[in-house]
>>> print(open('start-v5.txt').read())   # compact mmCIF, C-alpha atoms
# COMPACT_ATOMS: atom_id res chain seq x y z
CA MET A 1 145.99 37.54 117.17
CA TYR A 2 146.04 38.92 113.61
CA ILE A 3 148.94 41.12 114.65
CA ILE A 4 150.95 38.13 115.83
CA ILE A 5 150.38 36.27 112.57
CA SER A 6 151.00 39.16 110.26
CA LYS A 7 154.03 40.58 112.04
CA LYS A 8 156.21 37.64 112.95
CA LEU A 9 154.21 34.44 112.43
CA ASN A 10 155.29 33.15 115.78
CA PHE A 11 155.44 29.38 115.92
CA ARG A 12 153.67 29.28 119.28
CA ALA A 13 150.88 31.45 117.95
CA VAL A 14 150.42 29.12 114.99
CA LEU A 15 150.27 26.19 117.39
CA PHE A 16 147.70 28.06 119.42
CA LEU A 17 145.57 28.67 116.34
CA LEU A 18 145.90 25.10 115.15
CA PHE A 19 145.05 23.34 118.36
CA LEU A 20 143.37 25.66 120.82
CA LEU A 21 141.08 27.70 118.59
CA PRO A 22 139.11 24.78 117.16
CA SER A 23 138.51 23.52 120.68
CA ILE A 24 137.17 26.96 121.66
CA VAL A 25 135.00 27.26 118.56
CA PHE A 26 133.56 23.75 118.82
CA SER A 27 133.40 23.57 122.61
CA GLN A 28 129.60 23.76 122.51
CA GLN A 29 129.27 20.66 120.32
CA PHE A 30 127.89 17.73 122.28
CA TYR A 31 127.52 14.31 120.81
CA ARG A 32 126.48 11.71 123.37
CA PHE A 33 123.54 11.31 125.69
CA ARG A 34 122.87 8.62 128.26
CA ALA A 35 120.22 8.42 130.97
CA ASP A 36 118.12 6.08 133.05
CA VAL A 37 114.65 6.14 131.58
CA SER A 38 111.22 5.21 132.87
CA ILE A 39 108.24 5.34 130.50
CA LYS A 40 104.77 5.12 131.99
CA ASP A 41 101.77 4.76 129.72
CA LYS A 42 98.09 5.00 130.44
CA LEU A 43 96.27 3.72 127.39
CA SER A 44 92.79 4.71 126.34
CA ASN A 45 91.49 1.19 127.09
CA GLY A 46 92.33 1.75 130.79
CA THR A 47 95.43 -0.48 130.86
CA TYR A 48 98.95 0.61 131.77
CA ARG A 49 102.49 -0.08 130.61
CA LEU A 50 105.82 0.43 132.30
CA THR A 51 109.14 0.40 130.46
CA MET A 52 112.41 0.90 132.34
CA GLY A 53 116.05 0.86 131.39
CA LYS A 54 118.82 3.02 129.99
CA ILE A 55 118.90 5.06 126.81
CA TYR A 56 122.08 5.67 124.80
CA TYR A 57 122.30 8.05 121.87
CA ASP A 58 125.23 9.24 119.80
CA LYS A 59 124.34 11.90 117.25
CA LEU A 60 127.12 10.76 114.89
CA TYR A 61 125.95 7.13 114.71
CA LYS A 62 122.26 8.21 114.82
CA LYS A 63 121.30 5.04 116.67
CA ILE A 64 119.03 5.05 119.67
CA VAL A 65 119.88 2.14 121.94
CA TYR A 66 117.58 1.14 124.78
CA LYS A 67 118.99 -1.34 127.31
CA LEU A 68 115.76 -2.35 128.99
CA ILE A 69 115.34 -4.10 132.31
CA PHE A 70 111.53 -4.07 132.41
CA PRO A 71 109.12 -5.57 131.25
CA LYS A 72 111.84 -7.75 129.68
CA LYS A 73 115.60 -7.68 129.66
CA GLU A 74 116.21 -6.78 126.06
CA THR A 75 118.00 -4.30 123.85
CA MET A 76 116.09 -2.19 121.38
CA VAL A 77 117.98 -0.43 118.63
CA VAL A 78 116.39 2.22 116.47
CA GLN A 79 118.32 2.64 113.26
CA ASP A 80 116.93 4.61 110.27
CA THR A 81 113.24 3.70 110.40
CA THR A 82 113.68 0.18 111.73
CA MET A 83 113.55 -0.99 115.31
CA PHE A 84 115.36 -4.18 116.26
CA SER A 85 114.55 -6.14 119.41
CA ILE A 86 117.53 -8.14 120.61
CA ASN A 87 117.32 -10.64 123.46
CA ASP A 88 119.90 -11.27 126.19
CA LYS A 89 121.52 -14.00 123.99
CA ASN A 90 122.26 -11.33 121.38
CA LEU A 91 119.72 -12.69 118.90
CA VAL A 92 117.31 -10.50 116.96
CA VAL A 93 113.84 -11.48 118.13
CA GLY A 94 111.89 -8.93 116.12
CA THR A 95 112.10 -6.08 113.68
CA SER A 96 109.50 -3.48 112.90
CA ARG A 97 109.13 -0.13 111.26
CA THR A 98 109.06 2.76 113.70
CA PHE A 99 108.06 6.40 113.63
CA LEU A 100 110.86 7.21 116.06
CA ILE A 101 113.22 9.37 114.01
CA PRO A 102 116.53 9.99 115.84
CA GLU A 103 116.78 13.60 114.58
CA PHE A 104 113.45 14.49 116.18
CA THR A 105 114.08 13.01 119.60
CA ALA A 106 114.55 15.24 122.64
CA PHE A 107 118.12 13.89 123.07
CA HIS A 108 119.24 14.82 119.55
CA LEU A 109 117.59 18.24 119.76
CA ALA A 110 119.12 18.89 123.19
CA LEU A 111 122.61 17.85 122.04
CA THR A 112 122.38 20.08 118.98
CA GLY A 113 120.89 23.00 120.93
CA GLN A 114 117.65 22.93 118.96
CA LEU A 115 115.25 21.80 121.68
CA SER A 116 113.94 25.31 122.39
CA ASP A 117 112.24 25.39 118.96
CA TYR A 118 111.98 21.60 118.55
CA GLY A 119 114.17 21.86 115.47
CA LEU A 120 111.41 23.65 113.55
CA LYS A 121 113.54 26.70 112.82
CA PRO A 122 115.03 26.24 109.33
CA LYS A 123 118.78 25.79 109.19
CA ASN A 124 120.96 27.58 106.64
CA ASN A 125 119.45 27.41 103.14
CA GLU A 126 117.18 24.53 104.17
CA LYS A 127 113.58 24.43 103.12
CA SER A 128 111.40 24.18 106.20
CA ILE A 129 107.94 22.65 106.48
CA TYR A 130 106.96 25.21 109.10
CA LYS A 131 107.32 28.95 109.46
CA ILE A 132 106.43 31.27 112.34
CA GLY A 133 102.85 32.51 112.06
CA LYS A 134 102.36 34.37 115.31
CA VAL A 135 104.32 35.23 118.47
CA GLU A 136 102.54 36.25 121.68
CA LYS A 137 104.04 37.24 124.99
CA THR A 138 101.94 36.05 127.94
CA ASN A 139 102.33 35.80 131.70
CA ASN A 140 103.31 32.14 131.24
CA GLY A 141 106.03 32.80 128.67
CA VAL A 142 106.24 33.21 124.91
CA ILE A 143 103.75 31.36 122.69
CA THR A 144 104.80 30.80 119.09
CA THR A 145 102.38 29.49 116.49
CA TRP A 146 104.10 27.60 113.69
CA ILE A 147 102.15 27.24 110.46
CA PRO A 148 102.92 25.11 107.38
CA SER A 149 105.19 27.16 105.13
CA GLU A 150 103.43 26.27 101.87
CA ASP A 151 99.86 25.57 100.78
CA GLN A 152 100.69 22.00 99.78
CA TYR A 153 101.90 21.29 103.35
CA LYS A 154 98.68 22.73 104.80
CA LYS A 155 96.79 19.77 103.31
CA VAL A 156 98.85 17.36 105.41
CA PHE A 157 100.19 19.25 108.44
CA GLY A 158 98.27 21.26 111.01
CA ASN A 159 99.57 24.16 113.10
CA ILE A 160 101.88 23.74 116.07
CA ARG A 161 101.71 25.97 119.13
CA MET A 162 104.77 26.14 121.30
CA GLN A 163 105.32 27.72 124.70
CA THR A 164 108.78 28.65 125.90
CA ILE A 165 109.64 29.86 129.39
CA ASN A 166 113.05 31.50 129.87
CA LYS A 167 114.07 30.22 126.40
CA ARG A 168 113.28 26.65 127.45
CA LEU A 169 110.66 24.63 125.59
CA ASP A 170 107.80 24.13 128.03
CA ALA A 171 104.84 22.84 126.04
CA MET A 172 103.78 21.99 122.51
CA VAL A 173 100.39 21.38 120.98
CA PHE A 174 100.01 19.70 117.60
CA TYR A 175 96.83 20.37 115.66
CA SER A 176 95.26 18.44 112.80
CA THR A 177 94.55 20.16 109.48
CA LYS A 178 90.99 20.62 110.80
CA GLY A 179 92.31 22.48 113.86
CA GLU A 180 91.69 19.70 116.37
CA VAL A 181 94.29 18.95 119.06
CA VAL A 182 96.01 15.65 118.22
CA SER A 183 98.93 15.75 120.61
CA GLN A 184 100.13 17.72 123.62
CA GLN A 185 103.67 17.54 124.96
CA TYR A 186 105.04 19.05 128.14
CA PHE A 187 108.75 19.42 128.94
CA LYS A 188 109.38 19.95 132.66
CA LYS A 189 112.06 19.68 135.35
CA TYR A 190 115.05 20.77 133.29
CA VAL A 191 118.59 19.90 134.32
CA ASN A 192 121.77 21.42 132.98
CA VAL A 193 124.51 18.86 132.40
CA LYS A 194 127.78 20.21 130.98
CA GLY A 195 125.79 23.06 129.45
CA VAL A 196 123.12 20.85 127.85
CA GLU A 197 119.62 21.79 128.97
CA PHE A 198 117.44 18.70 129.19
CA PRO A 199 113.87 18.17 130.47
CA THR A 200 113.83 15.18 132.81
CA GLU A 201 110.04 14.90 132.69
CA VAL A 202 108.27 14.71 129.33
CA THR A 203 104.53 14.13 129.20
CA MET A 204 102.81 13.33 125.94
CA VAL A 205 99.05 13.18 125.48
CA SER A 206 97.92 11.66 122.20
CA ILE A 207 94.32 12.12 121.19
CA SER A 208 92.74 9.88 118.54
CA GLU A 209 90.06 10.94 116.07
CA LYS A 210 87.48 9.35 118.38
CA GLY A 211 88.76 11.52 121.25
CA GLU A 212 90.48 8.63 123.07
CA LYS A 213 93.49 9.73 125.12
CA ASN A 214 96.79 7.92 125.64
CA ILE A 215 99.03 9.50 128.26
CA GLN A 216 102.75 8.83 128.36
CA LEU A 217 105.04 10.11 131.09
CA THR A 218 108.77 9.72 130.44
CA THR A 219 111.18 10.39 133.28
CA TYR A 220 114.94 10.65 132.85
CA LYS A 221 117.48 10.30 135.66
CA ASN A 222 121.28 10.36 135.89
CA VAL A 223 121.76 12.20 132.61
CA VAL A 224 125.31 11.86 131.28
CA ILE A 225 126.60 13.97 128.40
CA ASP A 226 129.57 12.98 126.21
CA GLN A 227 130.35 9.75 128.01
CA ASN A 228 133.78 8.40 127.06
CA ASN A 229 133.26 4.70 127.75
CA GLU A 230 130.58 2.15 126.74
CA ASP A 231 131.43 2.94 123.13
CA GLU A 232 130.22 -0.48 121.94
CA ILE A 233 126.69 0.36 123.13
CA TYR A 234 126.56 3.75 121.40
CA ARG A 235 127.67 2.18 118.09
CA TYR A 236 125.64 -0.99 118.70
CA LYS A 237 126.09 -3.49 115.88
CA VAL A 238 122.80 -5.25 115.26
CA PRO A 239 123.56 -9.01 115.11
CA ILE A 240 122.86 -10.79 111.84
CA SER A 241 121.66 -13.93 113.62
CA ARG A 242 117.98 -14.13 114.36
CA SER A 243 116.23 -16.22 116.99
CA ALA A 244 114.20 -19.24 115.91
CA ALA A 245 111.02 -17.46 117.06
CA SER A 246 111.58 -14.53 114.72
CA LYS A 247 112.25 -16.86 111.77
CA LYS A 248 108.92 -18.68 112.17
CA MET B 1 58.58 54.02 160.72
CA THR B 2 60.81 56.06 158.43
CA PHE B 3 63.89 54.85 160.27
CA ALA B 4 62.72 51.23 160.06
CA TRP B 5 62.07 51.66 156.31
CA PHE B 6 65.52 53.23 155.91
CA LEU B 7 67.14 50.42 157.91
CA LYS B 8 65.31 47.80 155.87
CA ASN B 9 66.43 49.43 152.61
CA LEU B 10 70.00 49.72 153.85
CA VAL B 11 70.19 46.06 154.88
CA SER B 12 68.62 44.89 151.61
CA SER B 13 71.03 47.05 149.56
CA ILE B 14 74.01 45.66 151.54
CA ILE B 15 72.80 42.09 150.97
CA LEU B 16 72.20 42.84 147.28
CA ASN B 17 75.69 44.33 146.91
CA PHE B 18 77.22 41.38 148.72
CA MET B 19 75.33 38.93 146.47
CA LYS B 20 76.49 40.86 143.39
CA ARG B 21 80.12 40.66 144.53
CA ILE B 22 79.81 36.91 145.23
CA LEU B 23 78.24 36.41 141.78
CA ILE B 24 81.03 38.39 140.06
CA LEU B 25 83.65 36.47 142.04
CA LEU B 26 82.08 33.10 141.17
CA THR B 27 81.78 34.08 137.49
CA SER B 28 85.43 35.15 137.35
CA ILE B 29 86.53 31.90 139.04
CA CYS B 30 84.47 29.97 136.47
CA PHE B 31 86.01 31.95 133.59
CA TYR B 32 89.51 31.44 135.02
CA PHE B 33 89.17 27.66 135.30
CA ASN B 34 87.44 27.50 131.95
CA SER B 35 90.34 29.37 130.34
CA ILE B 36 92.83 26.97 131.95
CA ALA B 37 90.88 23.92 130.81
CA SER B 38 90.55 25.20 127.25
CA GLU B 39 94.24 26.11 126.93
CA PRO B 40 96.00 22.90 125.88
CA LEU B 41 99.43 24.48 126.50
CA GLN B 42 98.73 24.34 130.24
CA LYS B 43 99.54 20.93 131.65
CA GLU B 44 96.89 19.03 133.54
CA ASP B 45 97.88 17.18 136.68
CA PHE B 46 98.33 13.53 135.70
CA SER B 47 99.92 12.38 138.97
CA ALA B 48 96.79 10.49 140.04
CA GLU B 49 96.75 8.58 136.73
CA PHE B 50 100.15 7.03 137.44
CA LYS B 51 99.84 6.36 141.17
CA LYS B 52 99.72 2.55 140.82
CA LEU B 53 102.45 2.55 138.16
CA ASN B 54 104.66 4.48 140.59
CA THR B 55 104.30 1.56 143.04
CA LEU B 56 105.39 -0.88 140.32
CA GLU B 57 108.27 1.41 139.34
CA ALA B 58 109.46 1.52 142.97
CA ILE B 59 109.37 -2.30 143.14
CA VAL B 60 111.50 -2.62 139.97
CA ASN B 61 113.87 0.13 141.13
CA ALA B 62 114.40 -1.71 144.41
CA ASN B 63 115.28 -4.89 142.53
CA PRO B 64 116.31 -4.28 138.89
CA ALA B 65 116.74 -8.03 138.33
CA LEU B 66 112.97 -8.58 138.60
CA THR B 67 111.16 -9.83 135.53
CA ILE B 68 107.51 -9.39 134.67
CA ASP B 69 106.84 -13.04 135.62
CA SER B 70 108.35 -12.63 139.07
CA VAL B 71 106.37 -9.43 139.69
CA ILE B 72 103.17 -11.21 138.61
CA LYS B 73 103.93 -13.90 141.20
CA GLU B 74 104.69 -11.40 143.96
CA GLN B 75 102.13 -8.68 143.18
CA PRO B 76 99.31 -10.35 141.22
CA GLN B 77 96.64 -7.88 142.32
CA LEU B 78 98.70 -4.80 141.45
CA LEU B 79 99.42 -6.05 137.93
CA LYS B 80 95.80 -7.14 137.49
CA ASP B 81 94.66 -3.62 138.43
CA LEU B 82 97.12 -2.19 135.91
CA GLY B 83 96.03 -4.60 133.17
CA ILE B 84 99.60 -5.83 132.78
CA ASN B 85 100.26 -9.48 131.94
CA ASN B 86 103.37 -11.43 130.94
CA GLU B 87 102.75 -10.69 127.25
CA VAL B 88 103.03 -6.93 127.72
CA LYS B 89 105.55 -5.23 125.46
CA SER B 90 107.69 -2.19 126.03
CA SER B 91 106.37 1.11 124.76
CA ILE B 92 109.49 1.91 122.72
CA GLY B 93 108.71 2.69 119.11
CA GLY B 94 104.98 2.74 119.75
CA ASP B 95 103.74 0.85 116.71
CA ASP B 96 101.93 -2.37 117.44
CA PRO B 97 102.98 -4.82 114.68
CA MET B 98 99.54 -6.42 114.94
CA LYS B 99 98.07 -3.06 113.96
CA PRO B 100 100.15 -1.82 111.02
CA ALA B 101 99.47 1.91 110.56
CA GLY B 102 96.91 1.63 113.38
CA PHE B 103 94.66 -0.77 111.45
CA PRO B 104 94.33 -4.44 112.57
CA ALA B 105 96.38 -6.83 110.41
CA PHE B 106 93.37 -9.10 109.80
CA TRP B 107 91.37 -6.28 108.20
CA TRP B 108 94.27 -5.32 105.91
CA GLY B 109 93.96 -8.78 104.37
CA PHE B 110 90.16 -8.84 104.49
CA CYS B 111 89.68 -5.48 102.79
CA LEU B 112 92.65 -5.30 100.41
CA GLY B 113 93.41 -8.99 99.79
CA ILE B 114 96.82 -9.62 98.24
CA TRP B 115 97.60 -5.86 98.31
CA GLY B 116 96.91 -5.85 102.06
CA ILE B 117 99.40 -8.70 102.55
CA LEU B 118 102.00 -6.77 100.57
CA ILE B 119 101.40 -3.55 102.54
CA VAL B 120 101.62 -5.38 105.91
CA TYR B 121 104.81 -7.12 104.72
CA LEU B 122 106.38 -3.75 103.94
CA ILE B 123 105.11 -1.87 107.00
CA THR B 124 106.00 -4.53 109.58
CA ASP B 125 109.24 -5.60 107.88
CA ASN B 126 108.03 -9.18 107.46
CA ASP B 127 106.51 -9.65 110.93
CA LYS B 128 105.34 -13.27 110.71
CA ALA B 129 102.53 -12.99 113.27
CA ALA B 130 101.06 -9.89 111.62
CA LEU B 131 101.38 -11.45 108.15
CA ASN B 132 99.67 -14.60 109.39
CA LYS B 133 96.69 -12.53 110.54
CA THR B 134 96.61 -10.67 107.22
CA VAL B 135 96.62 -13.94 105.25
CA LYS B 136 93.79 -15.22 107.47
CA GLY B 137 91.88 -12.00 106.71
CA CYS B 138 92.48 -12.52 103.00
CA ILE B 139 91.30 -16.17 103.14
CA THR B 140 88.23 -15.16 105.17
CA ALA B 141 87.40 -12.52 102.56
CA VAL B 142 87.73 -15.11 99.76
CA VAL B 143 85.50 -17.56 101.66
CA VAL B 144 82.90 -14.87 102.44
CA TYR B 145 82.97 -13.52 98.88
CA GLY B 146 82.83 -17.08 97.42
CA GLY B 147 79.99 -17.99 99.77
CA ILE B 148 77.97 -14.91 98.85
CA THR B 149 78.57 -15.51 95.13
CA ALA B 150 77.64 -19.20 95.43
CA LEU B 151 74.53 -18.30 97.43
CA SER B 152 73.42 -15.72 94.88
CA TYR B 153 73.97 -18.21 92.02
CA LEU B 154 71.97 -20.77 93.99
CA ILE B 155 69.10 -18.29 94.46
CA ILE B 156 69.17 -17.38 90.74
CA PHE B 157 69.23 -21.08 89.84
CA ILE B 158 66.32 -21.93 92.16
CA THR B 159 64.31 -18.91 90.90
CA ALA B 160 64.98 -19.91 87.29
CA LEU B 161 64.09 -23.52 88.04
CA SER B 162 60.82 -22.61 89.74
CA SER B 163 59.83 -20.21 86.91
CA THR B 164 60.45 -22.96 84.26
CA ALA B 165 58.41 -25.42 86.31
CA TYR B 166 55.42 -23.09 86.03
>>> encode(input="start-v5.txt", output="structure tokens")
Amino acid sequence: MYIIISKKLNFRAVLFLLFLLPSIVFSQQFYRFRADVSIKDKLSNGTYRLTMGKIYYDKLYKKIVYKLIFPKKETMVVQDTTMFSINDKNLVVGTSRTFLIPEFTAFHLALTGQLSDYGLKPKNNEKSIYKIGKVEKTNNGVITTWIPSEDQYKKVFGNIRMQTINKRLDAMVFYSTKGEVVSQQYFKKYVNVKGVEFPTEVTMVSISEKGEKNIQLTTYKNVVIDQNNEDEIYRYKVPISRSAASKK
Amino acid sequence: MTFAWFLKNLVSSIILNFMKRILILLTSICFYFNSIASEPLQKEDFSAEFKKLNTLEAIVNANPALTIDSVIKEQPQLLKDLGINNEVKSSIGGDDPMKPAGFPAFWWGFCLGIWGILIVYLITDNDKAALNKTVKGCITAVVVYGGITALSYLIIFITALSSTAY
């Protein structure tokens, strides 16, 4: 290729470099995720919850859009740290702060190829909260213990243990600063869609200080990567109008 | 006699060996299961926990147009067993606006007064229902505090009055 450019600067070669090379270099960049989702919760008080619908995520817009069919037909949009509930008449019926950060969702991490380390590995020149403390090879896979990178972080964040099997994230355990397990997450039943590895079964066990357990099982079906249509959902514009109930 | 003694010893040693092996086997099984249970990276089987929810999921999958109200009408017992009513919310986002930062809205107002109202306003992004509870908590705190203060003044007054009477 260098020879072509340096010797005769062939027009066709320049065209090749201009148009084909970027598509080769960036061919592994994925940007959209859509799936049918079912979230089952068993709460510590013995009650249950079921949430069903579709999830849309575009990593450029950084909006998570849930088109729910159960328990209510509504749209939920997570944008920055705010979650908007929008009814079927396209009116905002509620807003609340949420801990759901788009960059730390399984869809964003899968699209950006960071799911295997849950995005904990520092990117170029970025300061990371965690660093690798220990790596063990076991019969079940590789277990990596991530520890807070600085003393000041150790006061707030506990260790994270992560198990990978065949370079796929399999399980994660989050510890408190006192070393108690606060959350367990399991990533099972991977599918490969257009080269994106995604776990279609994610189980999360949250444990409170009192030892009460909430179990959440999220199942994904019909995963679609880089969908070309339904653009208006991916870039969902939250309506300005609010319902009378939310104004009360 | 000697043969009988030998036979007896042989049988007892075989039984003893067998018992030892059983004990070692049982101990190793115990250790194995203990190690599984104490390793939080190994997933427990939660399938039994979601058996009834799977039934509800199948019902909704079969008819996606169903609403919670229609399922309550058709399957009242199932939803009762699951503790699901028509006020149930989706689990997206996780935070209950009535419990900002996991602490009931009422107690934010009761414990922190006007600061509690401000915090709830910021956390819930002006959720009216949560703010209402916080204001109620604040008013309750004022009433309780005022009542206690009035009662203590009354006691001091009565004590002072009775001491002057003597």
>>> atom_distance(input="start-v5.txt", atom1="atom CA of Leu68 of chain A", atom2="atom CA of Glu197 of chain A")
24.4 Å
>>> closest_residue(input="start-v5.txt", among="A:Gly94, A:Pro102, A:Pro148, A:Gly113", to="Thr81 of chain A", atoms="only C-alpha atoms")
A:Pro102
>>> closest_atom_pairs(input="start-v5.txt", of="chain A", to="chain B", cutoff="6 Å", atoms="all atoms listed in the file", output="tab-separated table")
residue	atom	partner	partner_atom	distance
A:Thr47	CA	B:Gly83	CA	4.8
A:Tyr48	CA	B:Leu82	CA	5.3
A:Thr51	CA	B:Ser90	CA	5.3
A:Pro71	CA	B:Ile68	CA	5.4
A:Ser96	CA	B:Thr124	CA	4.9
A:Arg97	CA	B:Thr124	CA	5.7
A:Thr98	CA	B:Gly93	CA	5.4
A:Leu100	CA	B:Gly93	CA	5.9
A:Ala171	CA	B:Leu41	CA	5.7
>>> residues_near_point(input="start-v5.txt", point="(92.1, 21.7, 121.0)", cutoff="10 Å", atoms="all atoms listed in the file", output="count of residues only")
15
>>> atom_distance(input="start-v5.txt", atom1="atom CA of Asp88 of chain A", atom2="atom CA of Thr75 of chain A")
7.6 Å
>>> axis_aligned_box(input="start-v5.txt", around="segment 235-241 of chain A", padding_each_side="5 Å", output="lines of an AutoDock Vina configuration file")
center_x = 124.7
center_y = -5.9
center_z = 115.3
size_x = 16.0
size_y = 26.1
size_z = 16.9
>>> closest_residue(input="start-v5.txt", among="A:Lys42, A:Lys155, A:Lys221, A:Arg161", to="Phe198 of chain A", atoms="only C-alpha atoms")
A:Lys221
>>> residues_around(input="start-v5.txt", residues="Asp170 of chain A", least_positions_apart="2", cutoff="9 Å", atoms="only C-alpha atoms", output="list in words")
Ser116, Gly141, Met162, Gln163, Thr164, Ile165, Lys167, Arg168, Met172, Gln185, Tyr186, Phe187, Lys188 and Pro199 of chain A; Leu41 of chain B
>>> atom_distance(input="start-v5.txt", atom1="atom CA of Asp117 of chain A", atom2="atom CA of Leu169 of chain A")
6.9 Å
>>> residues_around(input="start-v5.txt", residues="Phe106 of chain B", least_positions_apart="6", cutoff="6 Å", atoms="all atoms listed in the file", output="ChimeraX atom specification")
/B:133-134,137
>>> closest_residue(input="start-v5.txt", among="A:Arg32, A:His108, A:Lys189, A:Lys154", to="Glu230 of chain A", atoms="all atoms listed in the file")
A:Arg32
>>> residues_around(input="start-v5.txt", residues="Asp41 of chain A", least_positions_apart="6", cutoff="7 Å", atoms="only C-alpha atoms", output="tab-separated table (two decimals) with C-alpha atoms, keeping the file's coordinate frame")
chain	number	residue	atom	x	y	z
A	48	TYR	CA	98.95	0.61	131.77
A	49	ARG	CA	102.49	-0.08	130.61
A	50	LEU	CA	105.82	0.43	132.30
A	215	ILE	CA	99.03	9.50	128.26
A	216	GLN	CA	102.75	8.83	128.36
A	217	LEU	CA	105.04	10.11	131.09
>>> closest_residue(input="start-v5.txt", among="B:Val135, B:Ala58, B:Val143, B:Ile14", to="Met52 of chain A", atoms="all atoms listed in the file")
B:Ala58
>>> closest_residue(input="start-v5.txt", among="A:Lys59, A:Lys178, A:Lys210, A:Arg34", to="Asn222 of chain A", atoms="all atoms listed in the file")
A:Arg34
